[in-house]
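Asker: Pasting input_7.txt here (compact mmCIF, C-alpha atoms):
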# COMPACT_ATOMS: atom_id res chain seq x y z
CA MET P 1 19.75 78.92 287.40
CA LYS P 2 21.33 79.66 290.78
CA PHE P 3 19.58 80.93 293.90
CA ILE P 4 21.38 84.10 295.10
CA GLY P 5 19.11 85.76 297.64
CA GLN P 6 15.66 86.64 298.86
CA GLY P 7 13.48 89.21 300.52
CA TRP P 8 10.05 88.71 301.97
CA GLU P 9 8.41 89.24 298.54
CA TYR P 10 10.71 87.41 296.13
CA LYS P 11 13.39 84.77 295.76
CA VAL P 12 16.09 85.79 293.29
CA TYR P 13 17.88 83.48 290.88
CA ASP P 14 20.91 84.23 288.71
CA LEU P 15 20.13 83.11 285.16
CA GLY P 16 23.79 83.20 284.16
CA ASN P 17 23.26 85.65 281.30
CA GLY P 18 23.46 88.99 283.13
CA ARG P 19 19.82 88.66 284.17
CA VAL P 20 18.01 87.47 287.29
CA LEU P 21 14.62 85.86 287.81
CA LYS P 22 12.51 87.26 290.62
CA ARG P 23 10.02 84.62 291.70
CA GLU P 24 7.27 85.44 294.17
CA GLN P 25 7.60 83.81 297.58
CA THR P 26 4.93 81.31 298.55
CA TYR P 27 2.44 82.30 301.22
CA LEU P 28 4.11 79.97 303.73
CA SER P 29 7.55 81.42 302.98
CA GLN P 30 6.21 84.92 303.52
CA LEU P 31 4.58 83.83 306.75
CA TYR P 32 7.91 82.50 308.00
CA TYR P 33 9.83 85.59 306.86
CA ILE P 34 7.48 88.13 308.41
CA GLY P 35 6.62 86.10 311.48
CA TRP P 36 10.05 84.79 312.44
CA VAL P 37 12.67 86.79 310.60
CA CYS P 38 10.98 90.17 311.10
CA LYS P 39 9.54 89.21 314.51
CA LEU P 40 6.01 90.30 313.57
CA TYR P 41 4.35 87.13 314.86
CA PHE P 42 0.86 88.40 315.55
CA LYS P 43 0.74 90.78 312.59
CA ALA P 44 1.99 88.30 310.02
CA PHE P 45 -1.32 87.18 308.46
CA LYS P 46 -2.71 90.71 308.21
CA GLN P 47 0.60 92.05 306.90
CA ILE P 48 0.84 89.39 304.21
CA ARG P 49 -2.71 89.94 302.95
CA SER P 50 -2.27 93.69 302.90
CA THR P 51 1.14 93.74 301.28
CA ARG P 52 0.38 91.05 298.68
CA SER P 53 -2.68 93.02 297.61
CA ALA P 54 -0.77 96.32 297.46
CA GLY P 55 2.13 94.68 295.66
CA LYS P 56 -0.09 93.10 293.01
CA SER P 57 -1.85 96.44 292.44
CA ALA P 58 1.45 98.34 292.11
CA TYR P 59 2.86 95.63 289.85
CA ASP P 60 -0.16 95.85 287.53
CA GLN P 61 0.03 99.65 287.49
CA PHE P 62 3.71 99.59 286.61
CA LYS P 63 2.98 97.38 283.61
CA THR P 64 0.51 99.99 282.31
CA ILE P 65 3.20 102.70 282.23
CA LYS P 66 6.25 100.64 281.34
CA ASP P 67 6.10 101.78 277.72
CA LYS P 68 6.35 105.43 278.84
CA VAL P 69 9.34 105.25 281.17
CA ASP P 70 13.01 104.53 280.57
CA LEU P 71 13.12 100.86 281.49
CA THR P 72 16.89 100.90 281.98
CA LYS P 73 16.13 102.76 285.23
CA PHE P 74 14.22 99.66 286.37
CA GLY P 75 16.63 97.00 285.16
CA ASN P 76 14.80 96.32 281.88
CA PRO P 77 12.13 94.14 283.51
CA ASP P 78 10.54 91.49 281.31
CA PHE P 79 7.13 90.15 282.32
CA THR P 80 6.64 87.88 279.34
CA ASN P 81 6.51 84.12 279.79
CA GLN P 82 6.24 84.53 283.56
CA GLN P 83 3.45 83.47 285.90
CA GLY P 84 1.80 85.73 288.47
CA ILE P 85 3.99 88.69 289.39
CA ASN P 86 7.30 87.04 288.49
CA TYR P 87 9.70 88.80 286.14
CA THR P 88 13.28 88.84 284.90
CA GLN P 89 15.59 91.82 285.28
CA ASP P 90 19.18 92.94 284.73
CA LYS P 91 21.60 91.78 287.41
CA VAL P 92 23.11 94.64 289.43
CA PHE P 93 24.99 95.33 292.66
CA VAL P 94 22.62 96.22 295.50
CA PHE P 95 23.53 99.37 297.43
CA GLU P 96 24.13 97.39 300.61
CA ASP P 97 27.01 95.55 298.89
CA TYR P 98 28.26 98.62 297.03
CA PHE P 99 28.63 101.11 299.90
CA PRO P 100 31.30 99.30 301.99
CA LYS P 101 33.57 98.89 298.96
CA HIS P 102 33.57 102.49 297.75
CA SER P 103 34.71 105.90 298.91
CA LEU P 104 32.55 108.51 300.62
CA GLU P 105 32.53 110.64 297.48
CA GLU P 106 31.49 107.71 295.31
CA ASN P 107 28.72 106.84 297.76
CA LYS P 108 27.52 110.45 297.80
CA LYS P 109 27.14 110.28 294.01
CA LEU P 110 25.05 107.15 294.50
CA ILE P 111 22.77 108.99 296.93
CA ASP P 112 22.45 111.85 294.44
CA SER P 113 21.51 109.40 291.69
CA TYR P 114 18.96 107.69 293.93
CA ILE P 115 17.25 111.03 294.54
CA ASP P 116 17.41 111.79 290.80
CA LEU P 117 15.58 108.50 290.25
CA LEU P 118 12.85 109.43 292.74
CA LEU P 119 12.35 112.78 291.00
CA TYR P 120 12.17 110.96 287.67
CA MET P 121 9.40 108.71 289.00
CA TRP P 122 7.43 111.72 290.19
CA GLN P 123 7.27 112.94 286.60
CA PHE P 124 5.31 109.79 285.73
CA GLY P 125 3.00 109.82 288.74
CA PHE P 126 4.55 107.30 291.11
CA SER P 127 7.28 106.98 293.71
CA ASP P 128 9.25 104.61 295.87
CA VAL P 129 7.64 104.92 299.32
CA VAL P 130 9.63 102.30 301.19
CA PHE P 131 12.94 104.21 300.92
CA ASN P 132 15.01 101.13 301.76
CA LEU P 133 17.52 102.07 299.12
CA THR P 134 20.25 99.75 300.42
CA ARG P 135 18.09 96.73 299.57
CA ASN P 136 15.63 97.90 296.92
CA ASN P 137 18.05 99.74 294.64
CA GLY P 138 21.03 98.66 292.66
CA VAL P 139 23.86 100.04 290.56
CA ARG P 140 25.20 98.86 287.23
CA GLU P 141 28.89 98.58 286.44
CA ASN P 142 28.58 101.88 284.54
CA GLY P 143 27.28 103.61 287.68
CA GLN P 144 23.62 103.86 286.69
CA VAL P 145 21.28 103.57 289.68
CA ILE P 146 18.11 101.54 289.20
CA GLN P 147 14.98 100.56 291.10
CA ILE P 148 15.06 96.79 291.43
CA ASP P 149 11.78 96.34 293.31
CA PHE P 150 8.51 97.86 292.16
CA GLY P 151 5.67 95.93 293.72
CA GLY P 152 4.60 97.15 297.14
CA GLU P 153 7.62 99.46 297.17
CA LEU P 154 5.93 101.83 294.73
CA SER P 155 2.86 103.99 295.21
CA TYR P 156 0.79 105.89 292.66
CA ASP P 157 -1.13 107.80 295.35
CA TYR P 158 -0.18 111.51 295.31
CA GLU P 159 -1.62 112.24 298.75
CA LYS P 160 0.25 109.35 300.32
CA ILE P 161 3.51 110.44 298.74
CA LEU P 162 2.90 114.05 299.79
CA ASN P 163 2.38 112.93 303.37
CA TYR P 164 5.60 110.93 303.27
CA VAL P 165 7.49 113.97 302.00
CA LYS P 166 6.00 116.20 304.70
CA THR P 167 6.88 113.76 307.46
CA LYS P 168 10.26 112.74 306.00
CA ARG P 169 9.24 109.12 306.26
CA TRP P 170 12.63 107.94 304.96
CA LEU P 171 14.11 108.76 308.38
CA GLU P 172 12.07 105.89 309.88
CA LYS P 173 13.08 103.25 307.37
CA TYR P 174 15.48 100.35 307.86
CA SER P 175 18.16 101.60 305.49
CA TYR P 176 18.47 104.87 307.39
CA THR P 177 18.08 103.54 310.93
CA HIS P 178 20.19 100.38 310.59
CA VAL P 179 22.43 100.41 307.52
CA LEU P 180 23.70 103.89 306.68
CA LYS P 181 26.39 105.10 309.07
CA GLY P 182 28.39 108.24 309.76
CA GLU P 183 28.88 110.87 307.07
CA ILE P 184 26.93 109.07 304.36
CA LYS P 185 23.93 108.78 306.69
CA ASP P 186 24.08 112.50 307.39
CA TYR P 187 24.47 113.26 303.68
CA PHE P 188 21.46 111.13 302.81
CA ALA P 189 19.24 112.91 305.35
CA GLN P 190 20.42 116.35 304.24
CA GLN P 191 19.96 115.75 300.52
CA MET P 192 16.60 114.05 300.87
CA GLU P 193 15.26 116.98 302.88
CA LEU P 194 16.78 119.52 300.50
CA ARG P 195 15.59 117.96 297.24
CA LEU P 196 12.38 116.06 298.09
CA THR P 197 10.06 118.93 298.87
CA GLU P 198 6.33 119.57 298.61
CA ALA P 199 6.98 122.24 295.98
CA GLN P 200 9.09 119.89 293.89
CA LEU P 201 6.52 117.11 294.13
CA THR P 202 3.75 119.46 292.98
CA LYS P 203 5.88 120.77 290.13
CA LEU P 204 7.00 117.40 288.81
CA TRP P 205 3.96 115.20 289.46
CA CYS P 206 2.83 113.62 286.15
CA SER P 207 4.63 116.36 284.22
CA ALA P 208 5.99 113.85 281.70
CA ILE P 209 2.59 112.38 280.85
CA SER P 210 0.17 115.27 281.24
Spell out the structure here as structure tokens.
Answerer:
Amino acid sequence: MKFIGQGWEYKVYDLGNGRVLKREQTYLSQLYYIGWVCKLYFKAFKQIRSTRSAGKSAYDQFKTIKDKVDLTKFGNPDFTNQQGINYTQDKVFVFEDYFPKHSLEENKKLIDSYIDLLLYMWQFGFSDVVFNLTRNNGVRENGQVIQIDFGGELSYDYEKILNYVKTKRWLEKYSYTHVLKGEIKDYFAQQMELRLTEAQLTKLWCSAIS
């Protein structure tokens, strides 16, 4: 098992079999990450409590619907034989690594597939609300786009998601403000506004399970 990366929520280990283990960060590790890495010194304790609670709730909710959704779109997560909110998942290329190595047209297809994935989630009553696609989404070798994080990144609150759509919250997120550049940044903004609408949310919300 080889350590290959981390975010503030999880450390990620390559299991050597095409799968990764996502192990929850300790409280102290999260305190360091939020306080020092993200420069949120005075907000760290409150942020950790809030996000850990929201992440645990979203994680538990995802497990209640996992038998209804296509799990390949989430990296075939396996929660068995794991403690807390740890899980194993298919290993993929994160968008942040994929974009620099591919053409504009290939990257546009990735954006299209990311939006397709969001619309798919809406059909089951949840959505990514962090919109940091360059870090929270990945792509398989066959081109399939998946959601690799689904703790605090996901919400099951229709009103919250509606508000995010109305305010185009994705334009405030790290992936848009710091990672996407040039034409692909413009394409992302255009397509998100065109396809993620109030009317579409209302039409699709829970349509696959109602």
Asker: List the spatial neighbours of P:Val69 as a list in words - criterion: any atom at most 9 Å away, only C-alpha atoms, same-chain residues fewer than 4 positions off excluded.
Answerer: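 The residues satisfying every condition are Ile65, Lys73, Met121 and Phe124 of chain P.
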Asker: Using atom CA of P:Leu117 and atom CA of P:Thr197 as the two end points, give the distance in Å to one decimal.
Answerer: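 Interatomic distance, atom CA of P:Leu117 to atom CA of P:Thr197: 14.6 Å.
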Asker: Rounded to one decimal in Å, what is the spacing between atom CA of P:Glu106 and atom CA of P:Leu194?
Answerer: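 Going from atom CA of P:Glu106 over to atom CA of P:Leu194, I get 19.6 Å.
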Asker: Which one of P:Leu21, P:Ile111, P:Leu104, P:Val130 sits closest to P:Tyr174 if you count all atoms listed in the file?
Answerer: P:Val130
Asker: Could you tell me how far atom CA of P:Lys11 lies from atom CA of P:Tyr87, in Å and to one decimal?
Answerer: 11.1 Å
Asker: Between P:Arg140, P:Met192, P:Asn132, P:Ala208, which has the minimum distance to P:Thr177 (counting only C-alpha atoms)?
Answerer: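 Between P:Arg140, P:Met192, P:Asn132, P:Ala208, the residue approaching P:Thr177 most closely is P:Asn132.
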Asker: Under the rule that all atoms listed in the file are counted, which of P:Thr72, P:Asn107, P:Ser127, P:Asn142 is the nearest residue to P:Tyr164?
Answerer: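 Once distances to P:Tyr164 are computed over all atoms listed in the file, the minimum belongs to P:Ser127.
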